[in-house]
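Undergrad: Below is one structure. I have some questions about it.
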Amino acid sequence: MNPETVTTSAAPDIRPPDGPHGTRLLSGWYETGGPAGLAEHLERYSPAPLAAARSTLVSAVQQAGLIGRGGGGFPTGRKLATVAGKRGTAVVIANGMESEPASHKDQTLLFLAPHLVLDGAVLAAEAVGAPTVHVCLARTREEQYRGLARALEERRRAGTDRIALRLHSLPHHFVSSEETSLVNWLNGGEARPLATPPRPFEKGVGRHPTLVDNVETLAHLALIARYGPGWFRERGSAQAPGTTLVTLSGAVRSPGVYEVPMGSSVAGALDAAGGPTERLGAVLAGGFFGNWLTAPLDGTTLGRGAGVLAALPEDACGLAETAAALAYLAAQSARQCGPCRFGLPSVAEDFAELAWGWPGASVLDRLNQRLGLLPGRGACRHPDGAARLAASALRVFGDDVLRHVRRGPCAFAHAPLTLRVPSARPPEDEEWR
Ligand SMILES: Cc1cc2nc3c(=O)[nH]c(=O)nc-3n(C[C@H](O)[C@H](O)[C@H](O)COP(=O)(O)O)c2cc1C
Ligand code: SF4
């Protein structure tokens, strides 16, 4: 924390109910095991300071140093300021799609504290001058949709918002949650990414400047509006302030969603879930778009946007895990750009050969060459994320790579996977709308 640069003038004089382990978003709610109703929510937090939002929220969020929790790690205050400064009526999108298979944090947050997310969306809308908020959810999660619809109805009856909150259920594919996919779908098109520019903040829904924020980001924003940037910075590090939700899975004692300070050590974050159940071989940080980290994890800290940690036991095959994830990512692309139509499927095939076949050393030359061609060439970052995962696997499981090349699949290559990888079936054309 840097007290010199932080003012709390925007904050009302109320101390927030921080939880015993520094939890904030989930504090108190986990124990109830059910969604917080509007009355309970207001009792805990008091009403959102809507009147102040227009004049003070953008600078409060900038001072707080809030970084988006949707995976890209972009500074939220800068995005708010840009959209607020654009000509024309703005639009806000709350991205609750959570398409990352290893992540459950947004689903947990939307289940337990829907009004915190909705407050954040409405406050952001006040700050950028948007009359409408679109809340985007995955079509496959019907119970989640019903829960949010109940929360909206509570607010409507109580007359909480003067901003229109609209709920949508979108096709649920990995790239359908990318921000231009949301804009494309809300504009009547398919939930596939669009080529940029223009980016949503320039021309988004109805060609209006559009702010797209992850639902966890919005929940943090709702707390910053109430308790101020100084309070927010009491947790986390100077570069990465606040707390973050993280889904812990694999070889840990109590898998689930936890809230930890930003910049925590990876080992410390795993301890939140009771620690490893056995010796670890590696940890996947950031999900299917993330990086494998080598165990032991001494000193490694959570990176920006790493809302996922999956602990891989020493006797699992990291190459098989990666090959399955890559097959899924290749199938889930929108098949619009060269890297996704040709490069990514070839990388996934090479990896499958490496994990389960008898590939010969030439597979490594092919992989290295193809991985170099994936990043930065698609309309969206899908190929970049897949390339990052593949490259980190080649690095972290380097010894296994050599063993597989020389002797074929290891003893663990056909064991059940630690990662929960959904079926690699590509969506049909009509499933994008
Ligand atoms: C392929 C792909 C999938 C994405 N999926 C999600 C998602 O499920 N949820 C999300 O909030 N952001 C997702 N993003 C990032 C969004 O495009 C966008 O940057 C984010 O919602 C902005 O919110 P933030 O600034 O609060 O992080 C995805 C990006 C890509 C490239
Ligand atoms: S890079 Fe891939 S996922 Fe992204 S828009 Fe192009 S084809 Fe679709």
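The way I read the labels, and the way they are meant: chains A, B, ... in the order of the structure tokens, residue 1 as the first residue of every chain, and ligand 1 as the first ligand shown, with later ones counted on from there.
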How would you report the residues lying within 9 Å of ligand 2, as a VMD selection string, if you count only C-alpha atoms and all ligand atoms?

TA: chain A and resid 174 to 176 178 181 192 to 195 330 332 to 341 344 376 to 384

Undergrad: Could you give me, as a Markdown table, every chain A residue with an atom at most 9 Å from ligand 1, plus its closest atom pair and distance in Å to one decimal, counting only C-alpha atoms and all ligand atoms, rows ordered by chain then number?

TA:
```
| residue | atom | partner | partner_atom_place_in_ligand_line | distance |
| --- | --- | --- | --- | --- |
| A:Ile67 | CA | ligand 1 | 25 (O) | 7.0 |
| A:Gly68 | CA | ligand 1 | 27 (O) | 3.4 |
| A:Arg69 | CA | ligand 1 | 27 (O) | 4.3 |
| A:Gly70 | CA | ligand 1 | 27 (O) | 3.3 |
| A:Gly71 | CA | ligand 1 | 27 (O) | 5.5 |
| A:Gly72 | CA | ligand 1 | 19 (O) | 5.4 |
| A:Gly73 | CA | ligand 1 | 27 (O) | 5.8 |
| A:Phe74 | CA | ligand 1 | 25 (O) | 5.4 |
| A:Pro75 | CA | ligand 1 | 25 (O) | 6.9 |
| A:Thr76 | CA | ligand 1 | 25 (O) | 5.8 |
| A:Lys79 | CA | ligand 1 | 25 (O) | 7.7 |
| A:Ile93 | CA | ligand 1 | 21 (O) | 8.4 |
| A:Ala94 | CA | ligand 1 | 21 (O) | 7.6 |
| A:Asn95 | CA | ligand 1 | 11 (O) | 4.8 |
| A:Gly96 | CA | ligand 1 | 9 (N) | 6.0 |
| A:Met97 | CA | ligand 1 | 8 (O) | 4.7 |
| A:Glu98 | CA | ligand 1 | 8 (O) | 3.4 |
| A:Ser99 | CA | ligand 1 | 8 (O) | 4.2 |
| A:Glu100 | CA | ligand 1 | 8 (O) | 5.8 |
| A:Ser103 | CA | ligand 1 | 8 (O) | 8.9 |
| A:Asp106 | CA | ligand 1 | 9 (N) | 8.2 |
| A:His173 | CA | ligand 1 | 3 (C) | 8.9 |
| A:Phe174 | CA | ligand 1 | 3 (C) | 5.8 |
| A:Val175 | CA | ligand 1 | 1 (C) | 4.1 |
| A:Ser176 | CA | ligand 1 | 3 (C) | 6.8 |
| A:Ser177 | CA | ligand 1 | 5 (N) | 4.3 |
| A:Glu178 | CA | ligand 1 | 17 (O) | 3.6 |
| A:Glu179 | CA | ligand 1 | 17 (O) | 3.8 |
| A:Thr180 | CA | ligand 1 | 17 (O) | 6.9 |
| A:Ser181 | CA | ligand 1 | 17 (O) | 8.2 |
| A:Leu182 | CA | ligand 1 | 17 (O) | 8.6 |
| A:Pro193 | CA | ligand 1 | 1 (C) | 8.3 |
| A:Leu211 | CA | ligand 1 | 22 (C) | 8.3 |
| A:Val212 | CA | ligand 1 | 22 (C) | 5.3 |
| A:Asp213 | CA | ligand 1 | 23 (O) | 3.5 |
| A:Asn214 | CA | ligand 1 | 11 (O) | 3.7 |
| A:Val215 | CA | ligand 1 | 11 (O) | 6.5 |
| A:Glu216 | CA | ligand 1 | 26 (O) | 7.1 |
| A:Thr217 | CA | ligand 1 | 26 (O) | 4.8 |
| A:Leu218 | CA | ligand 1 | 26 (O) | 7.0 |
| A:Phe289 | CA | ligand 1 | 1 (C) | 8.4 |
| A:Gly305 | CA | ligand 1 | 27 (O) | 7.6 |
| A:Ser333 | CA | ligand 1 | 1 (C) | 8.1 |
| A:Cys380 | CA | ligand 1 | 31 (C) | 5.5 |
| A:Arg381 | CA | ligand 1 | 31 (C) | 4.3 |
| A:His382 | CA | ligand 1 | 1 (C) | 4.5 |
| A:Pro383 | CA | ligand 1 | 1 (C) | 8.3 |
| A:Asp384 | CA | ligand 1 | 31 (C) | 8.4 |
| A:Gly385 | CA | ligand 1 | 31 (C) | 7.5 |
```

Undergrad: Quick check, in Å to one decimal: how far apart do CA of Thr418 (chain A) and CA of Ser392 (chain A) lie?

TA: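 Going from CA of Thr418 (chain A) over to CA of Ser392 (chain A), I get 17.4 Å.
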
Undergrad: Write out as an mmCIF file with C-alpha atoms, in the first residue's frame which residues come within 12 Å of Lys203 (chain A) when counting only C-alpha atoms, dropping same-chain ones fewer than 6 positions away.

TA:
```cif
data_model
loop_
_atom_site.group_PDB
_atom_site.id
_atom_site.type_symbol
_atom_site.label_atom_id
_atom_site.label_comp_id
_atom_site.auth_asym_id
_atom_site.auth_seq_id
_atom_site.Cartn_x
_atom_site.Cartn_y
_atom_site.Cartn_z
ATOM 1 C CA VAL A 83 -15.676 5.127 -21.514
ATOM 2 C CA LYS A 86 -16.357 9.208 -24.819
ATOM 3 C CA ARG A 87 -19.073 11.112 -26.629
ATOM 4 C CA GLY A 88 -22.442 9.370 -26.807
ATOM 5 C CA THR A 89 -24.489 7.353 -24.365
ATOM 6 C CA ALA A 90 -22.477 4.552 -22.801
ATOM 7 C CA VAL A 91 -23.527 0.939 -22.178
ATOM 8 C CA THR A 180 -16.488 -8.675 -28.638
ATOM 9 C CA VAL A 183 -21.176 -7.207 -28.086
ATOM 10 C CA ASN A 184 -21.724 -9.138 -31.328
ATOM 11 C CA ASN A 187 -26.209 -6.520 -31.409
ATOM 12 C CA LEU A 194 -15.259 -9.725 -33.895
ATOM 13 C CA THR A 196 -10.948 -5.191 -33.705
ATOM 14 C CA PRO A 197 -10.687 -2.195 -33.864
ATOM 15 C CA PRO A 209 -19.081 3.195 -26.087
ATOM 16 C CA THR A 210 -19.357 0.037 -24.023
ATOM 17 C CA LEU A 211 -17.723 -0.889 -20.745
ATOM 18 C CA VAL A 212 -17.247 -4.652 -20.355
#
```

Undergrad: Ranking A:Val405, A:Leu50, A:Leu419, A:Ala102 by minimum distance to Ala361 (chain A) and counting only C-alpha atoms, which one comes first?

TA: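 Going through A:Val405, A:Leu50, A:Leu419, A:Ala102 one by one, the smallest distance to Ala361 (chain A) is for A:Val405.
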
Undergrad: List as a VMD selection string the protein and nucleic acid residues near Val133 (chain A), meaning an atom at most 7 Å away when only C-alpha atoms are counted, but skip any in the same chain fewer than 2 places from it.

TA: chain A and resid 91 to 93 121 125 135 164 to 166

Undergrad: Residues at most 10 Å from region 109-111 of chain A, counting only C-alpha atoms, excluding those fewer than 4 positions away in the same chain, as a list in words?

TA: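 Non-adjacent residues within range: Leu25, Leu26, Trp29, Tyr30, Gly33, Gly34, Pro35, Ala36, Gly96, His104, Lys105, His115, Leu116, Val117, Leu118, Glu143, Gln144, Tyr145, Gly147, Leu148, Val215, Glu216, Ala219, Leu245 and Val257 of chain A.
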
Undergrad: How many Å lie between CA of Pro198 (chain A) and CA of Arg78 (chain A), rounded to one decimal?

TA: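 Calculated distance between CA of Pro198 (chain A) and CA of Arg78 (chain A) is 17.3 Å.
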
Undergrad: Residues at most 7 Å from Leu354 (chain A), counting only C-alpha atoms, excluding those fewer than 4 positions away in the same chain, as a list in words?

TA: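 The residues satisfying every condition are Asp350, Trp358, Pro359, His404 and Val405 of chain A.
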
Undergrad: Take the selection from the previous step and output its residues with N, CA and C atoms, as a PDB file, in the first residue's frame.

TA:
```pdb
ATOM      1  N   ASP A 350      -0.352 -32.454 -32.606  1.00  0.00           N
ATOM      2  CA  ASP A 350       1.050 -32.733 -32.247  1.00  0.00           C
ATOM      3  C   ASP A 350       1.158 -33.082 -30.767  1.00  0.00           C
ATOM      4  N   TRP A 358       3.836 -42.233 -30.504  1.00  0.00           N
ATOM      5  CA  TRP A 358       5.281 -42.442 -30.625  1.00  0.00           C
ATOM      6  C   TRP A 358       5.763 -41.418 -31.642  1.00  0.00           C
ATOM      7  N   PRO A 359       5.969 -40.185 -31.206  1.00  0.00           N
ATOM      8  CA  PRO A 359       6.063 -39.096 -32.161  1.00  0.00           C
ATOM      9  C   PRO A 359       7.400 -38.930 -32.876  1.00  0.00           C
ATOM     10  N   HIS A 404       9.008 -39.069 -23.416  1.00  0.00           N
ATOM     11  CA  HIS A 404       7.929 -39.471 -24.333  1.00  0.00           C
ATOM     12  C   HIS A 404       8.466 -39.611 -25.763  1.00  0.00           C
ATOM     13  N   VAL A 405       9.344 -38.677 -26.146  1.00  0.00           N
ATOM     14  CA  VAL A 405       9.889 -38.728 -27.512  1.00  0.00           C
ATOM     15  C   VAL A 405      10.715 -40.004 -27.696  1.00  0.00           C
TER      16      VAL A 405
END
```

Undergrad: Restricting the calculation to only C-alpha atoms, which member of A:Ser362, A:Asn368, A:Ser346, A:Ser59 is positioned closest to Gly228 (chain A)?

TA: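 Of the candidates, the smallest distance to Gly228 (chain A) is held by A:Ser59.
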
Undergrad: Expressed in Å to a single decimal, how great is the separation between CA of Ala391 (chain A) and CA of Pro416 (chain A)?

TA: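 Here the two named atoms are 22.8 Å from each other.
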
Undergrad: Quick check for you: according to DSSP on this backbone, which residues of region 80-273 of chain A are classed as strand (DSSP E)? Reply as a PyMOL selection string.

TA: chain A and resi 91-95+132-138+164-170+210-214+243-250+256-261

Undergrad: Take the selection from the previous step and output its residues with N, CA and C atoms, as a compact mmCIF listing (two decimals), in the first residue's frame.

TA:
```
# COMPACT_ATOMS: atom_id res chain seq x y z
N VAL A 91 -22.84 2.19 -22.54
CA VAL A 91 -23.53 0.94 -22.18
C VAL A 91 -22.57 0.16 -21.28
N VAL A 92 -23.13 -0.59 -20.32
CA VAL A 92 -22.29 -1.45 -19.47
C VAL A 92 -22.68 -2.91 -19.66
N ILE A 93 -21.67 -3.76 -19.76
CA ILE A 93 -21.90 -5.22 -19.80
C ILE A 93 -21.21 -5.84 -18.59
N ALA A 94 -21.97 -6.62 -17.83
CA ALA A 94 -21.39 -7.42 -16.74
C ALA A 94 -21.14 -8.81 -17.29
N ASN A 95 -19.87 -9.20 -17.38
CA ASN A 95 -19.51 -10.48 -17.98
C ASN A 95 -19.52 -11.58 -16.92
N THR A 132 -28.22 1.72 -19.27
CA THR A 132 -28.53 0.28 -19.33
C THR A 132 -27.32 -0.56 -18.98
N VAL A 133 -27.60 -1.64 -18.23
CA VAL A 133 -26.58 -2.66 -17.94
C VAL A 133 -27.08 -3.98 -18.51
N HIS A 134 -26.23 -4.65 -19.30
CA HIS A 134 -26.55 -5.99 -19.77
C HIS A 134 -25.76 -7.00 -18.94
N VAL A 135 -26.49 -7.91 -18.28
CA VAL A 135 -25.81 -8.95 -17.50
C VAL A 135 -25.79 -10.21 -18.36
N CYS A 136 -24.61 -10.66 -18.74
CA CYS A 136 -24.49 -11.80 -19.66
C CYS A 136 -24.13 -13.07 -18.90
N LEU A 137 -24.97 -14.09 -19.07
CA LEU A 137 -24.77 -15.38 -18.40
C LEU A 137 -24.75 -16.49 -19.44
N ALA A 138 -24.18 -17.63 -19.04
CA ALA A 138 -24.09 -18.78 -19.96
C ALA A 138 -25.43 -19.51 -19.99
N ALA A 164 -31.59 0.59 -16.10
CA ALA A 164 -32.23 -0.66 -16.54
C ALA A 164 -31.22 -1.80 -16.50
N LEU A 165 -31.59 -2.87 -15.77
CA LEU A 165 -30.72 -4.06 -15.71
C LEU A 165 -31.36 -5.14 -16.57
N ARG A 166 -30.65 -5.61 -17.58
CA ARG A 166 -31.23 -6.62 -18.48
C ARG A 166 -30.38 -7.88 -18.44
N LEU A 167 -31.10 -9.00 -18.26
CA LEU A 167 -30.44 -10.30 -18.11
C LEU A 167 -30.46 -11.04 -19.44
N HIS A 168 -29.34 -11.68 -19.81
CA HIS A 168 -29.28 -12.41 -21.08
C HIS A 168 -28.63 -13.76 -20.86
N SER A 169 -29.10 -14.77 -21.61
CA SER A 169 -28.37 -16.05 -21.58
C SER A 169 -27.83 -16.34 -22.96
N LEU A 170 -26.53 -16.45 -23.04
CA LEU A 170 -25.83 -16.54 -24.32
C LEU A 170 -25.34 -17.97 -24.56
N THR A 210 -18.85 1.10 -24.90
CA THR A 210 -19.36 0.04 -24.02
C THR A 210 -18.27 -0.43 -23.06
N LEU A 211 -18.63 -0.41 -21.79
CA LEU A 211 -17.72 -0.89 -20.75
C LEU A 211 -18.03 -2.36 -20.48
N VAL A 212 -17.04 -3.23 -20.67
CA VAL A 212 -17.25 -4.65 -20.35
C VAL A 212 -16.39 -4.98 -19.13
N ASP A 213 -17.03 -5.43 -18.07
CA ASP A 213 -16.29 -5.81 -16.88
C ASP A 213 -16.74 -7.18 -16.38
N ASN A 214 -15.78 -7.89 -15.86
CA ASN A 214 -16.06 -9.17 -15.23
C ASN A 214 -16.91 -8.95 -13.96
N THR A 243 -8.18 -8.13 -2.79
CA THR A 243 -8.25 -9.60 -2.72
C THR A 243 -8.71 -10.13 -4.07
N THR A 244 -8.61 -11.42 -4.23
CA THR A 244 -9.07 -12.02 -5.48
C THR A 244 -9.69 -13.38 -5.20
N LEU A 245 -10.67 -13.74 -6.00
CA LEU A 245 -11.25 -15.07 -5.87
C LEU A 245 -10.42 -16.04 -6.69
N VAL A 246 -10.23 -17.22 -6.15
CA VAL A 246 -9.44 -18.20 -6.89
C VAL A 246 -10.08 -19.58 -6.72
N THR A 247 -10.19 -20.30 -7.82
CA THR A 247 -10.73 -21.66 -7.78
C THR A 247 -9.57 -22.62 -7.64
N LEU A 248 -9.58 -23.38 -6.55
CA LEU A 248 -8.49 -24.32 -6.26
C LEU A 248 -9.00 -25.74 -6.52
N SER A 249 -8.29 -26.46 -7.37
CA SER A 249 -8.75 -27.82 -7.70
C SER A 249 -7.55 -28.76 -7.80
N GLY A 250 -7.84 -30.03 -8.09
CA GLY A 250 -6.77 -31.03 -8.21
C GLY A 250 -6.41 -31.57 -6.85
N GLY A 256 -12.23 -25.87 -4.04
CA GLY A 256 -13.36 -24.93 -4.00
C GLY A 256 -12.91 -23.54 -4.38
N VAL A 257 -13.79 -22.57 -4.11
CA VAL A 257 -13.48 -21.17 -4.42
C VAL A 257 -13.09 -20.47 -3.13
N TYR A 258 -11.96 -19.79 -3.15
CA TYR A 258 -11.44 -19.10 -1.97
C TYR A 258 -11.11 -17.66 -2.33
N GLU A 259 -11.01 -16.83 -1.30
CA GLU A 259 -10.63 -15.43 -1.52
C GLU A 259 -9.29 -15.20 -0.82
N VAL A 260 -8.31 -14.74 -1.58
CA VAL A 260 -6.97 -14.54 -1.02
C VAL A 260 -6.48 -13.15 -1.43
N PRO A 261 -5.49 -12.60 -0.70
CA PRO A 261 -4.94 -11.32 -1.14
C PRO A 261 -4.27 -11.46 -2.50
```

Undergrad: Please provide as a VMD selection string all residues within 7 Å of region 282-287 of chain A, with the sequence filter that same-chain residues fewer than 4 positions apart are discarded (counting only C-alpha atoms).

TA: chain A and resid 100 102 291 to 295 305 to 312

Undergrad: Considering only alpha helix (DSSP H) as DSSP defines it on the backbone, what residues of region 165-328 of chain A qualify? List them as a ChimeraX atom specification.

TA: /A:179-186,215-232,266-272,318-328

Undergrad: Have a look at A:Thr160, A:Arg207, A:Val122, A:Ala331 and name the one nearest to Glu428 (chain A); count only C-alpha atoms.

TA: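 Closest candidate: A:Ala331.
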
Undergrad: For Leu57 (chain A), which residue out of A:Arg420, A:Arg162, A:His414, A:Arg226 is the nearest one, using only C-alpha atoms?

TA: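 Of all the options, A:Arg226 lies closest to Leu57 (chain A).
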